[in-house]
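Let me begin by presenting the structure, written as C-alpha cells, before commenting on it.
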Amino acid sequence: MDFNEGTVIAIDKPYRMSSFGALAHVRYLLSRHLHVKRVKMGHAGTLDPLATGVLLLCTGKATKQIEQLQAHTKEYIATLKLGATTASYDREHTVNFTYPTRHITRPLVEETLRQFVGDIMQVPPEFSACKVDGKRAYHLMRKGSEVVLKAKPLHVDEIELLDFDPQSMTMAIRVVCGKGTYIRALARDIGMALDSGAFLTSLRRTRVGDYRVEDCLTLEAFPEWLSQQDITSTHS
C-alpha cells in the first residue's frame with residue numbers, strides 16, 4: 001500500500017468527534033508509522049460531531065478524488081423527536097419551542113415523508129459550515145450575528161419510515177440522498193410539514209457510494225490495521 005500515491009481509508013467516525021478531529025488523529029498515527037513529518041490527507045464529506053458513520057479519508061494523490069467522492073449517493077439512519085425544535089435542529093442545543101403532536105399519526109407521517117422524495121429545495125442550517133460573506137455560518141451564529149441562508153436544490157432518492165412511536169413521538173427514517181443534503185434541515189422541514197416541530201436525536205451515515213459502514217475501520221482498530229499493511233513506498 002502506497003499512502004503517498006494515494007489511498008482511500010473508510011473509517012466509522014465516533015460520536016462527539018469532529019470530522020477534522022478524526023482526520024487529524026489518523027494523520028498523526030499514519031505519519032508516525034511512516035516516519036514522515038506529515039502525510040497529505042483530506043476528507044470527503046463532513047459529518048457533524050454528533051453524527052457517526054462513514055467518513056472517507058484520502059491520502060496523497062487520492063485527495064484529488066475528494067470532489068468526486070463527495071458527489072456519491074449517501075445513506076443515513078436518523079432518529080427524530082417530534083413536537084419540539086432546537087436552534088441547531090439537533091441535540092447540540094436545548095429545546096427552544098414545543099408544538100402540538102396529538103394530530104400526528106403513522107399514516108400522516110408516511111404521507112408527509114413522500115413530499116421530500118425527489119428534487120427538493122432546502123435551506124441549510126444556520127449552525128453549519130456554509131459560508132456567508134466568506135465566513136462560516138456557525139461562527140456568525142455563535143457571535144450573535146443574524147444569518148440568512150438561501151434554499152438550495154438537492155435530490156433525495158428515497159425515505160423509508162423504519163419506526164414510529166406515538167407514545168414518545170419519536171421516529172426513525174432511512175434516507176438515501178445526493179450531495180449537499182443536511183439531514184438536520186430535513187428533520188426541521190418534516191416537523192414543519194407535520195404542522196409541528198422536529199429535531200434530530202441521532203444520525204448515522206451508513207453508506208457513501210460503495211463504501212458501507214460495516215466495512216469501515218474504527219479509530220480503535222486503525223493502529224492494528226495499519227501495522228498489518230504492506231507499505232510499498234514512503235515519501236515525505
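Here, A, B, ... name the chains of the C-alpha cells in the order displayed, residue numbers run from 1 inside each chain, and ligands are numbered from 1 in the same displayed order.
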Just want the 12 Å neighbourhood of Arg27 in chain A, counted on only C-alpha atoms, with same-chain residues fewer than 6 positions away dropped. Output as a PyMOL selection string.
chain A and resi 3+9+20-21+33-43+57-60+219+222-223+226
Output the selection as a PDB file, in the first residue's frame - N, CA, C and O atoms for each residue.
ATOM      1  N   PHE A   3       0.730   5.064   0.539  1.00  0.00           N
ATOM      2  CA  PHE A   3      -0.106   6.161   1.022  1.00  0.00           C
ATOM      3  C   PHE A   3       0.208   7.478   0.330  1.00  0.00           C
ATOM      4  O   PHE A   3      -0.620   8.375   0.298  1.00  0.00           O
ATOM      5  N   ILE A   9      -9.199   5.662   2.874  1.00  0.00           N
ATOM      6  CA  ILE A   9      -9.400   4.924   4.118  1.00  0.00           C
ATOM      7  C   ILE A   9     -10.799   5.264   4.626  1.00  0.00           C
ATOM      8  O   ILE A   9     -11.110   6.429   4.880  1.00  0.00           O
ATOM      9  N   PHE A  20     -12.774  16.723  11.201  1.00  0.00           N
ATOM     10  CA  PHE A  20     -11.368  17.139  11.157  1.00  0.00           C
ATOM     11  C   PHE A  20     -10.588  16.480  12.288  1.00  0.00           C
ATOM     12  O   PHE A  20      -9.426  16.102  12.118  1.00  0.00           O
ATOM     13  N   GLY A  21     -11.218  16.337  13.453  1.00  0.00           N
ATOM     14  CA  GLY A  21     -10.556  15.680  14.581  1.00  0.00           C
ATOM     15  C   GLY A  21     -10.223  14.231  14.255  1.00  0.00           C
ATOM     16  O   GLY A  21      -9.138  13.738  14.596  1.00  0.00           O
ATOM     17  N   HIS A  33       3.800   6.269  11.828  1.00  0.00           N
ATOM     18  CA  HIS A  33       4.087   4.920  11.329  1.00  0.00           C
ATOM     19  C   HIS A  33       5.018   4.962  10.119  1.00  0.00           C
ATOM     20  O   HIS A  33       5.881   4.087   9.957  1.00  0.00           O
ATOM     21  N   LEU A  34       4.842   5.965   9.262  1.00  0.00           N
ATOM     22  CA  LEU A  34       5.644   6.073   8.046  1.00  0.00           C
ATOM     23  C   LEU A  34       6.950   6.838   8.266  1.00  0.00           C
ATOM     24  O   LEU A  34       7.757   6.965   7.343  1.00  0.00           O
ATOM     25  N   HIS A  35       7.116   7.370   9.492  1.00  0.00           N
ATOM     26  CA  HIS A  35       8.322   8.152   9.831  1.00  0.00           C
ATOM     27  C   HIS A  35       8.484   9.371   8.925  1.00  0.00           C
ATOM     28  O   HIS A  35       9.577   9.665   8.434  1.00  0.00           O
ATOM     29  N   VAL A  36       7.367  10.042   8.686  1.00  0.00           N
ATOM     30  CA  VAL A  36       7.397  11.284   7.915  1.00  0.00           C
ATOM     31  C   VAL A  36       6.776  12.385   8.770  1.00  0.00           C
ATOM     32  O   VAL A  36       6.079  12.115   9.746  1.00  0.00           O
ATOM     33  N   LYS A  37       7.042  13.628   8.381  1.00  0.00           N
ATOM     34  CA  LYS A  37       6.562  14.761   9.180  1.00  0.00           C
ATOM     35  C   LYS A  37       5.043  14.885   9.122  1.00  0.00           C
ATOM     36  O   LYS A  37       4.376  15.078  10.148  1.00  0.00           O
ATOM     37  N   ARG A  38       4.493  14.770   7.919  1.00  0.00           N
ATOM     38  CA  ARG A  38       3.053  14.994   7.778  1.00  0.00           C
ATOM     39  C   ARG A  38       2.551  14.381   6.473  1.00  0.00           C
ATOM     40  O   ARG A  38       2.971  14.784   5.399  1.00  0.00           O
ATOM     41  N   VAL A  39       1.668  13.425   6.572  1.00  0.00           N
ATOM     42  CA  VAL A  39       1.059  12.811   5.388  1.00  0.00           C
ATOM     43  C   VAL A  39      -0.035  13.741   4.864  1.00  0.00           C
ATOM     44  O   VAL A  39      -0.837  14.265   5.635  1.00  0.00           O
ATOM     45  N   LYS A  40      -0.039  13.930   3.547  1.00  0.00           N
ATOM     46  CA  LYS A  40      -1.095  14.753   2.935  1.00  0.00           C
ATOM     47  C   LYS A  40      -2.418  14.003   3.014  1.00  0.00           C
ATOM     48  O   LYS A  40      -2.523  12.861   2.570  1.00  0.00           O
ATOM     49  N   MET A  41      -3.444  14.646   3.615  1.00  0.00           N
ATOM     50  CA  MET A  41      -4.743  13.997   3.775  1.00  0.00           C
ATOM     51  C   MET A  41      -5.886  14.992   3.670  1.00  0.00           C
ATOM     52  O   MET A  41      -5.724  16.175   3.948  1.00  0.00           O
ATOM     53  N   GLY A  42      -7.037  14.489   3.291  1.00  0.00           N
ATOM     54  CA  GLY A  42      -8.261  15.279   3.292  1.00  0.00           C
ATOM     55  C   GLY A  42      -9.436  14.335   3.480  1.00  0.00           C
ATOM     56  O   GLY A  42      -9.286  13.115   3.334  1.00  0.00           O
ATOM     57  N   HIS A  43     -10.606  14.880   3.824  1.00  0.00           N
ATOM     58  CA  HIS A  43     -11.773  14.010   3.964  1.00  0.00           C
ATOM     59  C   HIS A  43     -12.868  14.420   2.971  1.00  0.00           C
ATOM     60  O   HIS A  43     -12.962  15.568   2.558  1.00  0.00           O
ATOM     61  N   LEU A  57     -11.409   9.136   4.233  1.00  0.00           N
ATOM     62  CA  LEU A  57     -10.166   9.887   4.337  1.00  0.00           C
ATOM     63  C   LEU A  57      -9.289   9.542   3.147  1.00  0.00           C
ATOM     64  O   LEU A  57      -9.046   8.366   2.874  1.00  0.00           O
ATOM     65  N   CYS A  58      -8.823  10.555   2.439  1.00  0.00           N
ATOM     66  CA  CYS A  58      -8.000  10.352   1.246  1.00  0.00           C
ATOM     67  C   CYS A  58      -6.561  10.776   1.540  1.00  0.00           C
ATOM     68  O   CYS A  58      -6.332  11.836   2.121  1.00  0.00           O
ATOM     69  N   THR A  59      -5.603   9.940   1.139  1.00  0.00           N
ATOM     70  CA  THR A  59      -4.199  10.276   1.360  1.00  0.00           C
ATOM     71  C   THR A  59      -3.507  10.553   0.030  1.00  0.00           C
ATOM     72  O   THR A  59      -3.936  10.067  -1.021  1.00  0.00           O
ATOM     73  N   GLY A  60      -2.416  11.335   0.106  1.00  0.00           N
ATOM     74  CA  GLY A  60      -1.584  11.577  -1.065  1.00  0.00           C
ATOM     75  C   GLY A  60      -2.358  12.059  -2.272  1.00  0.00           C
ATOM     76  O   GLY A  60      -3.214  12.954  -2.186  1.00  0.00           O
ATOM     77  N   LEU A 219     -11.600   3.898  14.885  1.00  0.00           N
ATOM     78  CA  LEU A 219     -10.331   4.526  15.261  1.00  0.00           C
ATOM     79  C   LEU A 219      -9.526   3.623  16.181  1.00  0.00           C
ATOM     80  O   LEU A 219      -8.289   3.625  16.152  1.00  0.00           O
ATOM     81  N   PHE A 222      -7.751   1.059  13.977  1.00  0.00           N
ATOM     82  CA  PHE A 222      -6.873   1.582  12.935  1.00  0.00           C
ATOM     83  C   PHE A 222      -5.392   1.240  13.155  1.00  0.00           C
ATOM     84  O   PHE A 222      -4.723   0.815  12.199  1.00  0.00           O
ATOM     85  N   PRO A 223      -4.826   1.409  14.369  1.00  0.00           N
ATOM     86  CA  PRO A 223      -3.397   1.108  14.537  1.00  0.00           C
ATOM     87  C   PRO A 223      -3.035  -0.331  14.182  1.00  0.00           C
ATOM     88  O   PRO A 223      -2.019  -0.584  13.527  1.00  0.00           O
ATOM     89  N   LEU A 226      -3.166  -0.759  10.452  1.00  0.00           N
ATOM     90  CA  LEU A 226      -2.010  -0.105   9.840  1.00  0.00           C
ATOM     91  C   LEU A 226      -0.761  -0.974   9.960  1.00  0.00           C
ATOM     92  O   LEU A 226       0.026  -1.084   9.012  1.00  0.00           O
TER      93      LEU A 226
END
Residues near Lys179 in chain A, anyone? I mean within 10 Å using only C-alpha atoms, not counting same-chain ones fewer than 6 positions away, as a VMD selection string.
chain A and resid 45 69 to 74 154 to 156
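Using only C-alpha atoms for every distance, the candidate list A:His93, A:Arg114, A:Arg32, A:Lys13 yields A:Lys13 as the residue closest to Leu56 in chain A.
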With DSSP run on the backbone, what are the strand (DSSP E or B) residues within range 49-172 of chain A? I'd like them as a compact mmCIF listing (two decimals) with all heavy atoms, in the first residue's frame.
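Okay, result-v4.txt is ready:
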# COMPACT_ATOMS: atom_id res chain seq x y z
N ALA A 51 -22.92 13.15 14.84
CA ALA A 51 -23.23 12.07 13.90
C ALA A 51 -22.09 11.05 13.90
O ALA A 51 -20.95 11.37 14.21
CB ALA A 51 -23.43 12.62 12.49
N THR A 52 -22.42 9.81 13.53
CA THR A 52 -21.41 8.76 13.42
C THR A 52 -21.48 8.16 12.02
O THR A 52 -22.37 8.47 11.24
CB THR A 52 -21.66 7.64 14.46
OG1 THR A 52 -22.92 7.00 14.15
CG2 THR A 52 -21.73 8.19 15.87
N GLY A 53 -20.52 7.28 11.73
CA GLY A 53 -20.61 6.54 10.48
C GLY A 53 -19.52 6.84 9.47
O GLY A 53 -18.45 7.35 9.82
N VAL A 54 -19.81 6.53 8.22
CA VAL A 54 -18.81 6.51 7.15
C VAL A 54 -18.19 7.89 6.92
O VAL A 54 -18.88 8.86 6.60
CB VAL A 54 -19.43 6.02 5.82
CG1 VAL A 54 -18.35 5.94 4.73
CG2 VAL A 54 -20.11 4.67 5.99
N LEU A 55 -16.87 7.95 7.10
CA LEU A 55 -16.09 9.14 6.78
C LEU A 55 -14.92 8.67 5.94
O LEU A 55 -14.13 7.83 6.38
CB LEU A 55 -15.60 9.84 8.04
CG LEU A 55 -14.79 11.12 7.81
CD1 LEU A 55 -15.66 12.23 7.22
CD2 LEU A 55 -14.14 11.61 9.11
N LEU A 56 -14.82 9.20 4.71
CA LEU A 56 -13.76 8.78 3.80
C LEU A 56 -12.57 9.72 3.92
O LEU A 56 -12.69 10.93 3.73
CB LEU A 56 -14.28 8.77 2.36
CG LEU A 56 -15.49 7.87 2.09
CD1 LEU A 56 -15.88 7.92 0.61
CD2 LEU A 56 -15.22 6.43 2.52
N LEU A 57 -11.41 9.14 4.23
CA LEU A 57 -10.17 9.89 4.34
C LEU A 57 -9.29 9.54 3.15
O LEU A 57 -9.05 8.37 2.87
CB LEU A 57 -9.44 9.53 5.64
CG LEU A 57 -10.23 9.70 6.94
CD1 LEU A 57 -9.37 9.29 8.13
CD2 LEU A 57 -10.73 11.12 7.10
N CYS A 58 -8.82 10.56 2.44
CA CYS A 58 -8.00 10.35 1.25
C CYS A 58 -6.56 10.78 1.54
O CYS A 58 -6.33 11.84 2.12
CB CYS A 58 -8.54 11.17 0.08
SG CYS A 58 -10.24 10.77 -0.36
N THR A 59 -5.60 9.94 1.14
CA THR A 59 -4.20 10.28 1.36
C THR A 59 -3.51 10.55 0.03
O THR A 59 -3.94 10.07 -1.02
CB THR A 59 -3.45 9.13 2.07
OG1 THR A 59 -3.21 8.07 1.12
CG2 THR A 59 -4.24 8.58 3.25
N LYS A 74 -25.41 9.06 -0.72
CA LYS A 74 -25.18 8.72 0.69
C LYS A 74 -26.45 8.15 1.31
O LYS A 74 -27.55 8.50 0.89
CB LYS A 74 -24.71 9.95 1.46
CG LYS A 74 -23.43 10.57 0.93
CD LYS A 74 -23.12 11.89 1.60
CE LYS A 74 -21.85 12.52 1.03
NZ LYS A 74 -22.04 12.98 -0.36
N GLU A 75 -26.26 7.29 2.30
CA GLU A 75 -27.40 6.72 3.03
C GLU A 75 -27.23 7.01 4.52
O GLU A 75 -26.12 6.90 5.05
CB GLU A 75 -27.47 5.21 2.81
CG GLU A 75 -28.63 4.54 3.55
CD GLU A 75 -28.59 3.03 3.42
OE1 GLU A 75 -27.71 2.40 4.05
OE2 GLU A 75 -29.43 2.49 2.68
N TYR A 76 -28.32 7.39 5.16
CA TYR A 76 -28.31 7.73 6.59
C TYR A 76 -29.44 7.01 7.32
O TYR A 76 -30.50 6.76 6.74
CB TYR A 76 -28.52 9.23 6.80
CG TYR A 76 -27.46 10.13 6.23
CD1 TYR A 76 -27.54 10.59 4.91
CD2 TYR A 76 -26.38 10.55 7.00
CE1 TYR A 76 -26.58 11.43 4.38
CE2 TYR A 76 -25.41 11.39 6.47
CZ TYR A 76 -25.52 11.83 5.17
OH TYR A 76 -24.57 12.66 4.64
N ILE A 77 -29.22 6.71 8.59
CA ILE A 77 -30.27 6.30 9.50
C ILE A 77 -30.39 7.43 10.53
O ILE A 77 -29.40 7.77 11.19
CB ILE A 77 -29.97 4.98 10.22
CG1 ILE A 77 -29.72 3.85 9.21
CG2 ILE A 77 -31.10 4.62 11.18
CD1 ILE A 77 -30.93 3.47 8.39
N ALA A 78 -31.58 8.02 10.63
CA ALA A 78 -31.79 9.16 11.52
C ALA A 78 -32.96 8.90 12.45
O ALA A 78 -33.94 8.27 12.07
CB ALA A 78 -32.05 10.43 10.70
N THR A 79 -32.85 9.39 13.69
CA THR A 79 -33.99 9.37 14.61
C THR A 79 -34.39 10.80 14.92
O THR A 79 -33.52 11.68 15.06
CB THR A 79 -33.67 8.61 15.92
OG1 THR A 79 -32.55 9.24 16.57
CG2 THR A 79 -33.33 7.16 15.64
N LEU A 80 -35.69 11.04 14.99
CA LEU A 80 -36.24 12.38 15.20
C LEU A 80 -37.16 12.40 16.41
O LEU A 80 -37.88 11.42 16.66
CB LEU A 80 -37.05 12.83 13.97
CG LEU A 80 -36.34 13.29 12.71
CD1 LEU A 80 -35.59 12.14 12.04
CD2 LEU A 80 -37.36 13.87 11.71
N LYS A 81 -37.14 13.50 17.11
CA LYS A 81 -38.11 13.78 18.17
C LYS A 81 -39.11 14.78 17.62
O LYS A 81 -38.72 15.86 17.15
CB LYS A 81 -37.39 14.35 19.40
CG LYS A 81 -38.32 14.85 20.50
CD LYS A 81 -39.09 13.74 21.16
CE LYS A 81 -39.92 14.29 22.34
NZ LYS A 81 -40.76 13.23 22.95
N LEU A 82 -40.39 14.43 17.66
CA LEU A 82 -41.43 15.31 17.15
C LEU A 82 -42.01 16.17 18.26
O LEU A 82 -41.98 15.82 19.44
CB LEU A 82 -42.54 14.48 16.51
CG LEU A 82 -42.12 13.54 15.37
CD1 LEU A 82 -43.31 12.74 14.88
CD2 LEU A 82 -41.49 14.31 14.23
N ALA A 84 -41.05 19.35 19.01
CA ALA A 84 -40.11 20.31 19.59
C ALA A 84 -39.04 20.66 18.57
O ALA A 84 -38.81 19.92 17.61
CB ALA A 84 -39.47 19.74 20.85
N THR A 85 -38.38 21.80 18.77
CA THR A 85 -37.28 22.21 17.91
C THR A 85 -36.10 22.68 18.76
O THR A 85 -36.26 22.98 19.95
CB THR A 85 -37.70 23.36 16.97
OG1 THR A 85 -38.20 24.45 17.77
CG2 THR A 85 -38.78 22.92 16.00
N THR A 86 -34.93 22.73 18.14
CA THR A 86 -33.76 23.34 18.75
C THR A 86 -33.13 24.27 17.72
O THR A 86 -33.41 24.15 16.52
CB THR A 86 -32.71 22.29 19.19
OG1 THR A 86 -32.05 21.78 18.02
CG2 THR A 86 -33.35 21.14 19.98
N VAL A 95 -33.96 22.40 23.69
CA VAL A 95 -35.25 22.71 23.07
C VAL A 95 -35.61 24.17 23.26
O VAL A 95 -35.51 24.72 24.37
CB VAL A 95 -36.37 21.81 23.67
CG1 VAL A 95 -37.74 22.29 23.24
CG2 VAL A 95 -36.14 20.36 23.28
N ASN A 96 -35.99 24.84 22.16
CA ASN A 96 -36.37 26.26 22.25
C ASN A 96 -37.87 26.48 22.08
O ASN A 96 -38.42 27.45 22.58
CB ASN A 96 -35.58 27.11 21.24
CG ASN A 96 -35.64 26.57 19.82
OD1 ASN A 96 -36.39 25.63 19.52
ND2 ASN A 96 -34.85 27.15 18.92
N PHE A 97 -38.56 25.56 21.37
CA PHE A 97 -40.01 25.68 21.20
C PHE A 97 -40.63 24.29 21.23
O PHE A 97 -40.01 23.30 20.81
CB PHE A 97 -40.37 26.35 19.86
CG PHE A 97 -39.90 27.77 19.75
CD1 PHE A 97 -38.81 28.09 18.95
CD2 PHE A 97 -40.55 28.80 20.43
CE1 PHE A 97 -38.36 29.40 18.84
CE2 PHE A 97 -40.12 30.11 20.32
CZ PHE A 97 -39.02 30.42 19.54
N THR A 98 -41.88 24.21 21.72
CA THR A 98 -42.63 22.95 21.66
C THR A 98 -43.92 23.17 20.87
O THR A 98 -44.42 24.30 20.78
CB THR A 98 -42.97 22.43 23.07
OG1 THR A 98 -43.71 23.44 23.77
CG2 THR A 98 -41.71 22.09 23.85
N GLY A 118 -37.37 13.05 -4.17
CA GLY A 118 -37.21 13.66 -5.49
C GLY A 118 -36.38 14.93 -5.41
O GLY A 118 -35.54 15.09 -4.52
N ASP A 119 -36.60 15.84 -6.35
CA ASP A 119 -35.88 17.11 -6.36
C ASP A 119 -36.59 18.10 -5.44
O ASP A 119 -37.76 18.41 -5.64
CB ASP A 119 -35.83 17.68 -7.79
CG ASP A 119 -35.02 16.81 -8.72
OD1 ASP A 119 -33.94 16.35 -8.31
OD2 ASP A 119 -35.47 16.57 -9.87
N ILE A 120 -35.88 18.56 -4.42
CA ILE A 120 -36.47 19.47 -3.45
C ILE A 120 -35.55 20.67 -3.23
O ILE A 120 -34.39 20.66 -3.65
CB ILE A 120 -36.75 18.78 -2.09
CG1 ILE A 120 -35.43 18.34 -1.43
CG2 ILE A 120 -37.70 17.59 -2.26
CD1 ILE A 120 -35.59 17.85 0.01
N MET A 121 -36.08 21.70 -2.59
CA MET A 121 -35.29 22.86 -2.18
C MET A 121 -35.12 22.80 -0.67
O MET A 121 -36.08 22.49 0.05
CB MET A 121 -35.97 24.17 -2.59
CG MET A 121 -36.15 24.35 -4.08
SD MET A 121 -34.58 24.53 -4.98
CE MET A 121 -34.06 26.17 -4.42
N GLN A 122 -33.91 23.09 -0.20
CA GLN A 122 -33.65 23.02 1.24
C GLN A 122 -32.78 24.19 1.68
O GLN A 122 -31.76 24.49 1.07
CB GLN A 122 -32.94 21.71 1.58
CG GLN A 122 -32.70 21.51 3.08
CD GLN A 122 -31.88 20.26 3.37
OE1 GLN A 122 -30.65 20.28 3.26
NE2 GLN A 122 -32.56 19.18 3.74
N LYS A 131 -20.88 29.17 3.95
CA LYS A 131 -20.22 30.47 4.07
C LYS A 131 -21.17 31.62 3.74
O LYS A 131 -21.95 31.55 2.80
CB LYS A 131 -18.99 30.52 3.15
CG LYS A 131 -17.84 29.67 3.66
CD LYS A 131 -16.56 29.94 2.90
CE LYS A 131 -15.39 29.17 3.50
NZ LYS A 131 -14.12 29.43 2.79
N VAL A 132 -21.08 32.67 4.57
CA VAL A 132 -21.82 33.91 4.36
C VAL A 132 -20.79 35.04 4.34
O VAL A 132 -20.12 35.29 5.34
CB VAL A 132 -22.85 34.15 5.50
CG1 VAL A 132 -23.60 35.46 5.25
CG2 VAL A 132 -23.81 32.99 5.63
N LYS A 135 -17.45 33.93 5.57
CA LYS A 135 -17.33 33.42 6.94
C LYS A 135 -18.30 32.27 7.17
O LYS A 135 -19.40 32.24 6.61
CB LYS A 135 -17.60 34.54 7.95
CG LYS A 135 -16.58 35.67 7.87
CD LYS A 135 -16.87 36.76 8.88
CE LYS A 135 -15.84 37.88 8.78
NZ LYS A 135 -16.11 38.98 9.72
N ARG A 136 -17.88 31.30 7.99
CA ARG A 136 -18.73 30.15 8.29
C ARG A 136 -19.97 30.60 9.06
O ARG A 136 -19.88 31.39 10.00
CB ARG A 136 -17.96 29.12 9.13
CG ARG A 136 -16.72 28.56 8.46
CD ARG A 136 -17.06 27.66 7.30
NE ARG A 136 -15.86 27.03 6.73
CZ ARG A 136 -15.85 26.31 5.63
NH1 ARG A 136 -16.97 26.13 4.95
NH2 ARG A 136 -14.74 25.77 5.18
N LYS A 152 -31.30 25.71 -1.40
CA LYS A 152 -30.51 25.10 -2.46
C LYS A 152 -31.23 23.86 -3.00
O LYS A 152 -31.89 23.15 -2.25
CB LYS A 152 -29.13 24.69 -1.92
CG LYS A 152 -28.28 25.87 -1.46
CD LYS A 152 -26.94 25.38 -0.94
CE LYS A 152 -26.06 26.55 -0.50
NZ LYS A 152 -24.75 26.09 0.02
N PRO A 153 -31.10 23.61 -4.30
CA PRO A 153 -31.72 22.41 -4.87
C PRO A 153 -30.91 21.17 -4.52
O PRO A 153 -29.66 21.21 -4.52
CB PRO A 153 -31.69 22.67 -6.38
CG PRO A 153 -30.53 23.60 -6.58
CD PRO A 153 -30.43 24.43 -5.34
N LEU A 154 -31.59 20.09 -4.21
CA LEU A 154 -30.91 18.82 -3.96
C LEU A 154 -31.86 17.69 -4.30
O LEU A 154 -33.04 17.89 -4.56
CB LEU A 154 -30.43 18.73 -2.51
CG LEU A 154 -31.41 19.05 -1.38
CD1 LEU A 154 -32.15 17.79 -0.96
CD2 LEU A 154 -30.68 19.63 -0.19
N HIS A 155 -31.32 16.47 -4.27
CA HIS A 155 -32.13 15.31 -4.66
C HIS A 155 -32.12 14.25 -3.55
O HIS A 155 -31.06 13.88 -3.04
CB HIS A 155 -31.59 14.69 -5.95
CG HIS A 155 -32.46 13.59 -6.48
ND1 HIS A 155 -33.61 13.83 -7.20
CD2 HIS A 155 -32.37 12.23 -6.37
CE1 HIS A 155 -34.17 12.68 -7.53
NE2 HIS A 155 -33.45 11.70 -7.02
N VAL A 156 -33.32 13.81 -3.19
CA VAL A 156 -33.50 12.72 -2.22
C VAL A 156 -34.03 11.52 -2.98
O VAL A 156 -35.12 11.57 -3.57
CB VAL A 156 -34.46 13.12 -1.08
CG1 VAL A 156 -34.69 11.95 -0.15
CG2 VAL A 156 -33.90 14.32 -0.31
N ASP A 157 -33.27 10.42 -2.99
CA ASP A 157 -33.67 9.22 -3.74
C ASP A 157 -34.81 8.48 -3.05
O ASP A 157 -35.76 8.05 -3.71
CB ASP A 157 -32.48 8.28 -3.89
CG ASP A 157 -31.39 8.89 -4.77
OD1 ASP A 157 -31.44 8.69 -5.99
OD2 ASP A 157 -30.50 9.58 -4.23
N GLU A 158 -34.69 8.31 -1.74
CA GLU A 158 -35.75 7.62 -1.01
C GLU A 158 -35.71 7.93 0.47
O GLU A 158 -34.67 8.26 1.03
CB GLU A 158 -35.67 6.09 -1.23
CG GLU A 158 -34.34 5.46 -0.92
CD GLU A 158 -34.33 3.96 -1.18
OE1 GLU A 158 -35.20 3.24 -0.61
OE2 GLU A 158 -33.46 3.49 -1.93
N ILE A 159 -36.88 7.87 1.09
CA ILE A 159 -37.01 7.98 2.55
C ILE A 159 -37.91 6.83 2.99
O ILE A 159 -39.03 6.68 2.50
CB ILE A 159 -37.63 9.32 3.00
CG1 ILE A 159 -36.79 10.51 2.51
CG2 ILE A 159 -37.73 9.35 4.53
CD1 ILE A 159 -37.35 11.86 2.94
N GLU A 160 -37.42 6.03 3.92
CA GLU A 160 -38.19 4.90 4.44
C GLU A 160 -38.43 5.11 5.94
O GLU A 160 -37.49 5.40 6.69
CB GLU A 160 -37.40 3.60 4.22
CG GLU A 160 -38.09 2.38 4.77
CD GLU A 160 -37.23 1.13 4.70
OE1 GLU A 160 -36.05 1.22 4.27
OE2 GLU A 160 -37.71 0.05 5.09
N LEU A 161 -39.67 5.00 6.35
CA LEU A 161 -40.00 5.09 7.77
C LEU A 161 -39.70 3.74 8.42
O LEU A 161 -40.34 2.74 8.11
CB LEU A 161 -41.48 5.45 7.95
CG LEU A 161 -41.95 5.61 9.41
CD1 LEU A 161 -41.21 6.74 10.12
CD2 LEU A 161 -43.45 5.84 9.45
N LEU A 162 -38.72 3.72 9.29
CA LEU A 162 -38.31 2.48 9.95
C LEU A 162 -39.09 2.23 11.23
O LEU A 162 -39.34 1.09 11.61
CB LEU A 162 -36.81 2.52 10.27
CG LEU A 162 -35.86 2.70 9.09
CD1 LEU A 162 -34.42 2.81 9.58
CD2 LEU A 162 -36.00 1.55 8.08
N ASP A 163 -39.46 3.32 11.91
CA ASP A 163 -40.16 3.17 13.18
C ASP A 163 -40.90 4.46 13.52
O ASP A 163 -40.42 5.55 13.21
CB ASP A 163 -39.15 2.83 14.30
CG ASP A 163 -39.83 2.54 15.63
OD1 ASP A 163 -40.75 1.70 15.65
OD2 ASP A 163 -39.47 3.17 16.65
N PHE A 164 -42.06 4.32 14.16
CA PHE A 164 -42.80 5.47 14.66
C PHE A 164 -43.45 5.08 15.98
O PHE A 164 -44.18 4.09 16.06
CB PHE A 164 -43.88 5.92 13.67
CG PHE A 164 -44.78 7.00 14.22
CD1 PHE A 164 -44.29 8.27 14.47
CD2 PHE A 164 -46.11 6.73 14.52
CE1 PHE A 164 -45.11 9.27 15.00
CE2 PHE A 164 -46.95 7.72 15.04
CZ PHE A 164 -46.44 8.99 15.28
N ASP A 165 -43.15 5.83 17.03
CA ASP A 165 -43.70 5.56 18.36
C ASP A 165 -44.62 6.72 18.75
O ASP A 165 -44.14 7.81 19.08
CB ASP A 165 -42.57 5.43 19.37
CG ASP A 165 -43.07 5.02 20.76
OD1 ASP A 165 -44.27 5.18 21.04
OD2 ASP A 165 -42.24 4.55 21.58
N THR A 170 -41.48 9.75 18.68
CA THR A 170 -40.17 9.62 18.04
C THR A 170 -40.32 8.77 16.79
O THR A 170 -41.25 7.97 16.67
CB THR A 170 -39.15 8.94 18.99
OG1 THR A 170 -39.67 7.67 19.40
CG2 THR A 170 -38.86 9.82 20.19
N MET A 171 -39.42 8.97 15.87
CA MET A 171 -39.45 8.20 14.63
C MET A 171 -38.04 7.96 14.13
O MET A 171 -37.10 8.70 14.48
CB MET A 171 -40.28 8.93 13.56
CG MET A 171 -39.76 10.31 13.22
SD MET A 171 -40.87 11.24 12.11
CE MET A 171 -40.39 10.58 10.52
N ALA A 172 -37.89 6.91 13.34
CA ALA A 172 -36.60 6.59 12.72
C ALA A 172 -36.81 6.47 11.22
O ALA A 172 -37.80 5.89 10.77
CB ALA A 172 -36.04 5.29 13.28
If you run DSSP on the backbone here, which positions in chain A get helix (DSSP H, G or I)? Please write them as a VMD selection string.
chain A and resid 19 to 34 60 to 70 106 to 116 137 to 142 183 to 193 213 to 215 222 to 227
Counting only C-alpha atoms, closest pick from A:Ile173, A:Ala24, A:Val123, A:Val109 relative to Ser196 in chain A is A:Val109
Closest pair table for range 1-21 of chain A residues within 10 Å of range 204-207 of chain A, only C-alpha atoms, as a tab-separated table:
residue	atom	partner	partner_atom	distance
A:Asp12	CA	A:Arg205	CA	8.8
A:Lys13	CA	A:Arg205	CA	9.2
A:Pro14	CA	A:Arg204	CA	9.8
A:Tyr15	CA	A:Arg204	CA	9.4
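Considering the residues A:Arg184, A:Leu23, A:Thr101, A:Glu110 and counting only C-alpha atoms, Ser168 in chain A has its shortest atom-to-atom contact with A:Thr101.
For the residues A:Pro49, A:Ser18, A:Lys64, A:Ile190, ranking by smallest atom-to-atom distance to Glu111 in chain A using only C-alpha atoms places A:Ile190 first.
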